[in-house]
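Student: Contents of entry27.txt (compact mmCIF, C-alpha atoms) are below:
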```txt
# COMPACT_ATOMS: atom_id res chain seq x y z
CA MET J 1 0.54 -9.89 -11.15
CA VAL J 2 1.25 -8.93 -7.59
CA ARG J 3 4.34 -10.55 -6.11
CA SER J 4 3.74 -9.48 -2.50
CA ILE J 5 1.71 -7.11 -0.34
CA GLU J 6 2.98 -5.78 2.98
CA ILE J 7 0.96 -3.64 5.38
CA THR J 8 3.41 -1.13 6.83
CA LYS J 9 1.20 1.07 9.04
CA VAL J 10 -2.38 1.33 10.30
CA SER J 11 -3.60 4.64 11.72
CA ILE J 12 -6.77 6.62 12.37
CA ARG J 13 -7.64 10.14 11.26
CA ASP J 14 -11.27 10.59 10.24
CA ARG J 15 -11.33 6.94 9.17
CA LEU J 16 -9.07 3.90 9.24
CA ILE J 17 -5.95 4.47 7.10
CA VAL J 18 -3.79 1.58 5.90
CA ASP J 19 -0.36 2.11 4.32
CA ALA J 20 0.90 -0.77 2.18
CA GLU J 21 3.82 -1.63 -0.07
CA VAL J 22 2.98 -3.67 -3.16
CA ARG J 23 5.66 -5.38 -5.23
CA MET J 24 4.74 -6.19 -8.81
CA ASN J 25 6.29 -8.75 -11.16
CA ASP J 26 6.59 -6.44 -14.17
CA PRO J 27 6.66 -2.62 -14.59
CA LYS J 28 3.88 -2.81 -17.19
CA ASP J 29 1.62 -4.97 -15.04
CA TYR J 30 -1.52 -3.08 -14.05
CA ASP J 31 -3.48 -6.00 -12.55
CA PHE J 32 -4.11 -4.77 -9.00
CA SER J 33 -7.60 -4.87 -7.48
CA PRO J 34 -7.22 -4.75 -3.70
CA ARG J 35 -9.81 -6.27 -1.36
CA ALA J 36 -10.00 -5.79 2.41
CA ALA J 37 -11.68 -8.02 4.98
CA ILE J 38 -11.88 -8.21 8.76
CA ASP J 39 -12.09 -11.55 10.55
CA GLY J 40 -12.31 -11.10 14.32
CA SER J 41 -9.78 -8.32 14.92
CA THR J 42 -7.49 -9.23 12.01
CA LEU J 43 -7.47 -7.02 8.93
CA SER J 44 -6.39 -8.82 5.76
CA LEU J 45 -5.55 -7.25 2.42
CA HIS J 46 -5.22 -9.22 -0.82
CA ASN J 47 -5.43 -8.87 -4.58
CA GLU J 48 -8.71 -10.02 -6.11
CA GLY J 49 -8.39 -13.61 -7.31
CA ASP J 50 -4.95 -14.07 -5.73
CA GLU J 51 -5.05 -15.33 -2.15
CA VAL J 52 -1.33 -16.22 -2.13
CA SER J 53 -0.07 -12.63 -1.94
CA ALA J 54 -2.07 -11.56 1.11
CA SER J 55 -1.06 -9.58 4.17
CA SER J 56 -2.74 -9.25 7.54
CA VAL J 57 -2.37 -7.20 10.69
CA GLU J 58 -3.99 -7.27 14.13
CA LEU J 59 -6.13 -4.19 14.95
CA ASP J 60 -6.49 -2.68 18.41
CA SER J 61 -9.86 -1.79 19.97
CA GLU J 62 -9.94 1.84 18.76
CA GLN J 63 -9.11 0.80 15.19
CA MET J 64 -11.79 -1.92 15.31
CA THR J 65 -14.39 0.58 16.53
CA THR J 66 -13.56 2.94 13.67
CA ALA J 67 -13.65 0.11 11.10
CA GLU J 68 -17.01 -1.17 12.37
CA ARG J 69 -18.46 2.35 12.38
CA ASP J 70 -17.38 3.31 8.84
CA ARG J 71 -17.19 -0.13 7.17
CA LEU J 72 -14.48 1.25 4.89
CA LEU J 73 -10.81 2.13 4.94
CA GLU J 74 -8.47 4.46 3.09
CA LEU J 75 -5.69 2.52 1.37
CA ARG J 76 -2.40 4.21 0.51
CA VAL J 77 -0.22 2.07 -1.72
CA LYS J 78 3.44 2.45 -2.68
CA PHE J 79 4.29 0.37 -5.73
CA SER J 80 7.66 -1.14 -6.59
CA VAL J 81 9.07 -3.73 -8.97
CA GLU J 82 11.75 -6.06 -7.60
CA GLY J 83 14.83 -6.62 -9.73
CA MET J 84 13.85 -4.08 -12.37
CA HIS J 85 17.08 -2.06 -12.40
CA GLY J 86 19.66 -4.66 -11.46
CA VAL J 87 22.78 -3.45 -9.62
CA LEU J 88 23.84 0.18 -9.88
CA THR J 89 27.48 0.58 -10.88
CA HIS J 90 27.64 4.39 -11.22
CA LYS J 91 25.82 6.19 -8.44
CA THR J 92 24.97 9.85 -9.00
CA LYS J 93 25.21 12.53 -6.35
CA ASN J 94 22.13 13.51 -4.38
CA THR J 95 20.36 16.02 -6.65
CA ARG J 96 17.75 16.91 -4.03
CA ILE J 97 20.10 19.09 -1.97
CA GLY J 98 20.55 22.02 -4.39
CA PRO J 99 18.65 25.33 -4.33
CA ASN J 100 16.49 24.37 -7.33
CA SER J 101 15.92 20.79 -6.30
CA LYS J 102 12.71 18.95 -7.04
CA LYS J 103 11.23 15.89 -5.39
CA LEU J 104 11.51 12.77 -7.50
CA ALA J 105 8.28 11.11 -8.56
CA GLU J 106 7.16 8.03 -6.64
CA PRO J 107 4.57 5.50 -7.81
CA ARG J 108 1.85 5.96 -5.19
CA TRP J 109 -1.86 5.33 -5.20
CA LYS J 110 -4.69 6.19 -2.79
CA THR J 111 -8.24 4.81 -2.72
CA VAL J 112 -11.16 4.03 -0.41
CA LEU J 113 -12.06 0.34 0.00
CA PRO J 114 -15.21 -1.19 1.48
CA LEU J 115 -14.62 -3.67 4.30
CA SER J 116 -16.21 -7.10 4.29
CA MET J 117 -16.81 -8.34 7.82
```
The structure in this file should be written as structure tokens.
Tutor:
Amino acid sequence: MVRSIEITKVSIRDRLIVDAEVRMNDPKDYDFSPRAAIDGSTLSLHNEGDEVSASSVELDSEQMTTAERDRLLELRVKFSVEGMHGVLTHKTKNTRIGPNSKKLAEPRWKTVLPLSM
């Protein structure tokens, strides 16, 4: 299950884009079905069937116009699991600074959600 949802950024490109951080209870938990709704000028994001872990943000007039025009938003999610690794005792050096460095994988997800108004 979802422990918490936090909307970090709302922007506009071709459509309304919402960046969110989602914290899960377990690394093998795949139960995430996001739903988006607008009430007045407040955008709320929650997991289907779980109203406790909801997040909301106030939209400005340009963002509201874009949301009303498209009736959808692009959701970019960064997943994390709290307390999964415990406390690090032996920290490794930064491996991303060498000539053959590679970017480490991050659990990210992107989708398009319909808006209920």
Student: What is the distance, in Å and to one decimal place, between CA of Val10 (chain J) and CA of Glu51 (chain J)?
Tutor: 21.0 Å
Student: Looking at J:Asp19, J:Leu43, J:Gly49, J:Glu62, which one is nearest to Met1 (chain J), with distances taken over all atoms listed in the file?
Tutor: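 Nearest to Met1 (chain J): J:Gly49.
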Student: Mind pulling up the distance from CA of Ser41 (chain J) to CA of Thr66 (chain J)?
Tutor: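 Result for CA of Thr66 (chain J) versus CA of Ser41 (chain J): 11.9 Å, one decimal.
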Student: Do you know which residues are at most 10 Å from Arg71 (chain J) counting all atoms listed in the file, after dropping those on the same chain fewer than 2 positions away, and could you put them as a count of residues only?
Tutor: 16
Student: Calculated over only C-alpha atoms, which of the candidates J:Arg23, J:Arg35, J:Lys78, J:His46 has the smallest distance to Val2 (chain J)?
Tutor: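 Of J:Arg23, J:Arg35, J:Lys78, J:His46, the one nearest Val2 (chain J), counting only C-alpha atoms, is J:Arg23.
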Student: Please list as a PyMOL selection string every residue within 8 Å of Ser44 (chain J), counting only C-alpha atoms and excluding residues in the same chain fewer than 3 positions away.
Tutor: chain J and resi 36-39+54-57
Student: For the selection just defined, write its residues with C-alpha atoms to a file, as a JSON list (two decimals), keeping the file's coordinate frame.
Tutor:
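Okay, this is what ended up in again-v4.json:
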```json
[["chain", "number", "residue", "atom", "x", "y", "z"],
["J", 36, "ALA", "CA", -10.00, -5.79, 2.41],
["J", 37, "ALA", "CA", -11.68, -8.02, 4.98],
["J", 38, "ILE", "CA", -11.88, -8.21, 8.76],
["J", 39, "ASP", "CA", -12.09, -11.55, 10.55],
["J", 54, "ALA", "CA", -2.07, -11.56, 1.11],
["J", 55, "SER", "CA", -1.06, -9.58, 4.17],
["J", 56, "SER", "CA", -2.74, -9.25, 7.54],
["J", 57, "VAL", "CA", -2.37, -7.20, 10.69]]
```
Student: Mind giving me the straight-line distance from CA of Val112 (chain J) to CA of Ser53 (chain J) in Å, one decimal?
Tutor: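 That distance, rounded to one decimal, is 20.1 Å.
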Student: Please determine, counting all atoms listed in the file, which residue among J:Leu72, J:Ser80, J:Leu59, J:Glu106 has the shortest atom-to-atom distance to Ser4 (chain J).
Tutor: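 Of J:Leu72, J:Ser80, J:Leu59, J:Glu106, the one nearest Ser4 (chain J), counting all atoms listed in the file, is J:Ser80.
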Student: Give the answer as one residue: which of J:Thr42, J:Asn47, J:Val18, J:Tyr30 has the shortest atom-to-atom distance to Ile5 (chain J), using all atoms listed in the file?
Tutor: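 Residue with the minimum atom-to-atom distance to Ile5 (chain J): J:Asn47.
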Student: Of the candidates J:Val52, J:Leu45, J:Met24, J:Val81, which one gets nearest to Thr8 (chain J) if we count only C-alpha atoms?
Tutor: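 The shortest atom-to-atom distance to Thr8 (chain J) comes from J:Leu45.
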Student: Could you list as a list in words every residue that has an atom within 8 Å of (0.8, 1.4, -0.8), using the file's coordinates and counting only C-alpha atoms?
Tutor: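 Result, sorted by chain then residue number: Ile7, Asp19, Ala20, Glu21, Val22, Leu75, Arg76, Val77, Lys78, Phe79, Arg108, Trp109 and Lys110 of chain J.
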Student: Take region 17-39 of chain J, model N, CA and C atoms, and hand the result over as a JSON list (two decimals), in the coordinates of the input.
Tutor:
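Result written to rebuild-v1.json:
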```json
[["chain", "number", "residue", "atom", "x", "y", "z"],
["J", 17, "ILE", "N", -6.89, 4.27, 8.20],
["J", 17, "ILE", "CA", -5.95, 4.47, 7.10],
["J", 17, "ILE", "C", -4.91, 3.36, 7.15],
["J", 18, "VAL", "N", -4.73, 2.69, 6.00],
["J", 18, "VAL", "CA", -3.79, 1.58, 5.90],
["J", 18, "VAL", "C", -2.74, 1.94, 4.86],
["J", 19, "ASP", "N", -1.46, 1.92, 5.25],
["J", 19, "ASP", "CA", -0.36, 2.11, 4.32],
["J", 19, "ASP", "C", 0.19, 0.75, 3.95],
["J", 20, "ALA", "N", 0.41, 0.53, 2.64],
["J", 20, "ALA", "CA", 0.90, -0.77, 2.18],
["J", 20, "ALA", "C", 1.94, -0.59, 1.09],
["J", 21, "GLU", "N", 2.85, -1.55, 1.02],
["J", 21, "GLU", "CA", 3.82, -1.63, -0.07],
["J", 21, "GLU", "C", 3.46, -2.83, -0.92],
["J", 22, "VAL", "N", 3.34, -2.61, -2.23],
["J", 22, "VAL", "CA", 2.98, -3.67, -3.16],
["J", 22, "VAL", "C", 4.11, -3.84, -4.15],
["J", 23, "ARG", "N", 4.61, -5.06, -4.27],
["J", 23, "ARG", "CA", 5.66, -5.38, -5.23],
["J", 23, "ARG", "C", 5.05, -6.13, -6.40],
["J", 24, "MET", "N", 5.29, -5.61, -7.59],
["J", 24, "MET", "CA", 4.74, -6.19, -8.81],
["J", 24, "MET", "C", 5.81, -7.01, -9.52],
["J", 25, "ASN", "N", 5.36, -7.92, -10.40],
["J", 25, "ASN", "CA", 6.29, -8.75, -11.16],
["J", 25, "ASN", "C", 6.91, -8.01, -12.33],
["J", 26, "ASP", "N", 6.15, -7.10, -12.94],
["J", 26, "ASP", "CA", 6.59, -6.44, -14.17],
["J", 26, "ASP", "C", 6.20, -4.97, -14.10],
["J", 27, "PRO", "N", 7.02, -4.04, -14.63],
["J", 27, "PRO", "CA", 6.66, -2.62, -14.59],
["J", 27, "PRO", "C", 5.41, -2.28, -15.40],
["J", 28, "LYS", "N", 5.05, -3.09, -16.38],
["J", 28, "LYS", "CA", 3.88, -2.81, -17.19],
["J", 28, "LYS", "C", 2.68, -3.64, -16.77],
["J", 29, "ASP", "N", 2.72, -4.17, -15.56],
["J", 29, "ASP", "CA", 1.62, -4.97, -15.04],
["J", 29, "ASP", "C", 0.69, -4.05, -14.25],
["J", 30, "TYR", "N", -0.55, -3.96, -14.69],
["J", 30, "TYR", "CA", -1.52, -3.08, -14.05],
["J", 30, "TYR", "C", -2.64, -3.86, -13.37],
["J", 31, "ASP", "N", -2.44, -5.14, -13.12],
["J", 31, "ASP", "CA", -3.48, -6.00, -12.55],
["J", 31, "ASP", "C", -3.42, -5.94, -11.03],
["J", 32, "PHE", "N", -4.05, -4.90, -10.45],
["J", 32, "PHE", "CA", -4.11, -4.77, -9.00],
["J", 32, "PHE", "C", -5.50, -4.31, -8.61],
["J", 33, "SER", "N", -6.26, -5.19, -7.99],
["J", 33, "SER", "CA", -7.60, -4.87, -7.48],
["J", 33, "SER", "C", -7.64, -5.28, -6.01],
["J", 34, "PRO", "N", -7.31, -4.37, -5.11],
["J", 34, "PRO", "CA", -7.22, -4.75, -3.70],
["J", 34, "PRO", "C", -8.59, -5.01, -3.08],
["J", 35, "ARG", "N", -8.62, -5.94, -2.13],
["J", 35, "ARG", "CA", -9.81, -6.27, -1.36],
["J", 35, "ARG", "C", -9.40, -6.32, 0.10],
["J", 36, "ALA", "N", -10.27, -5.81, 0.97],
["J", 36, "ALA", "CA", -10.00, -5.79, 2.41],
["J", 36, "ALA", "C", -11.11, -6.52, 3.15],
["J", 37, "ALA", "N", -10.71, -7.28, 4.17],
["J", 37, "ALA", "CA", -11.68, -8.02, 4.98],
["J", 37, "ALA", "C", -11.20, -8.03, 6.42],
["J", 38, "ILE", "N", -12.18, -8.10, 7.34],
["J", 38, "ILE", "CA", -11.88, -8.21, 8.76],
["J", 38, "ILE", "C", -12.48, -9.51, 9.28],
["J", 39, "ASP", "N", -11.65, -10.31, 9.93],
["J", 39, "ASP", "CA", -12.09, -11.55, 10.55],
["J", 39, "ASP", "C", -11.67, -11.49, 12.01]]
```
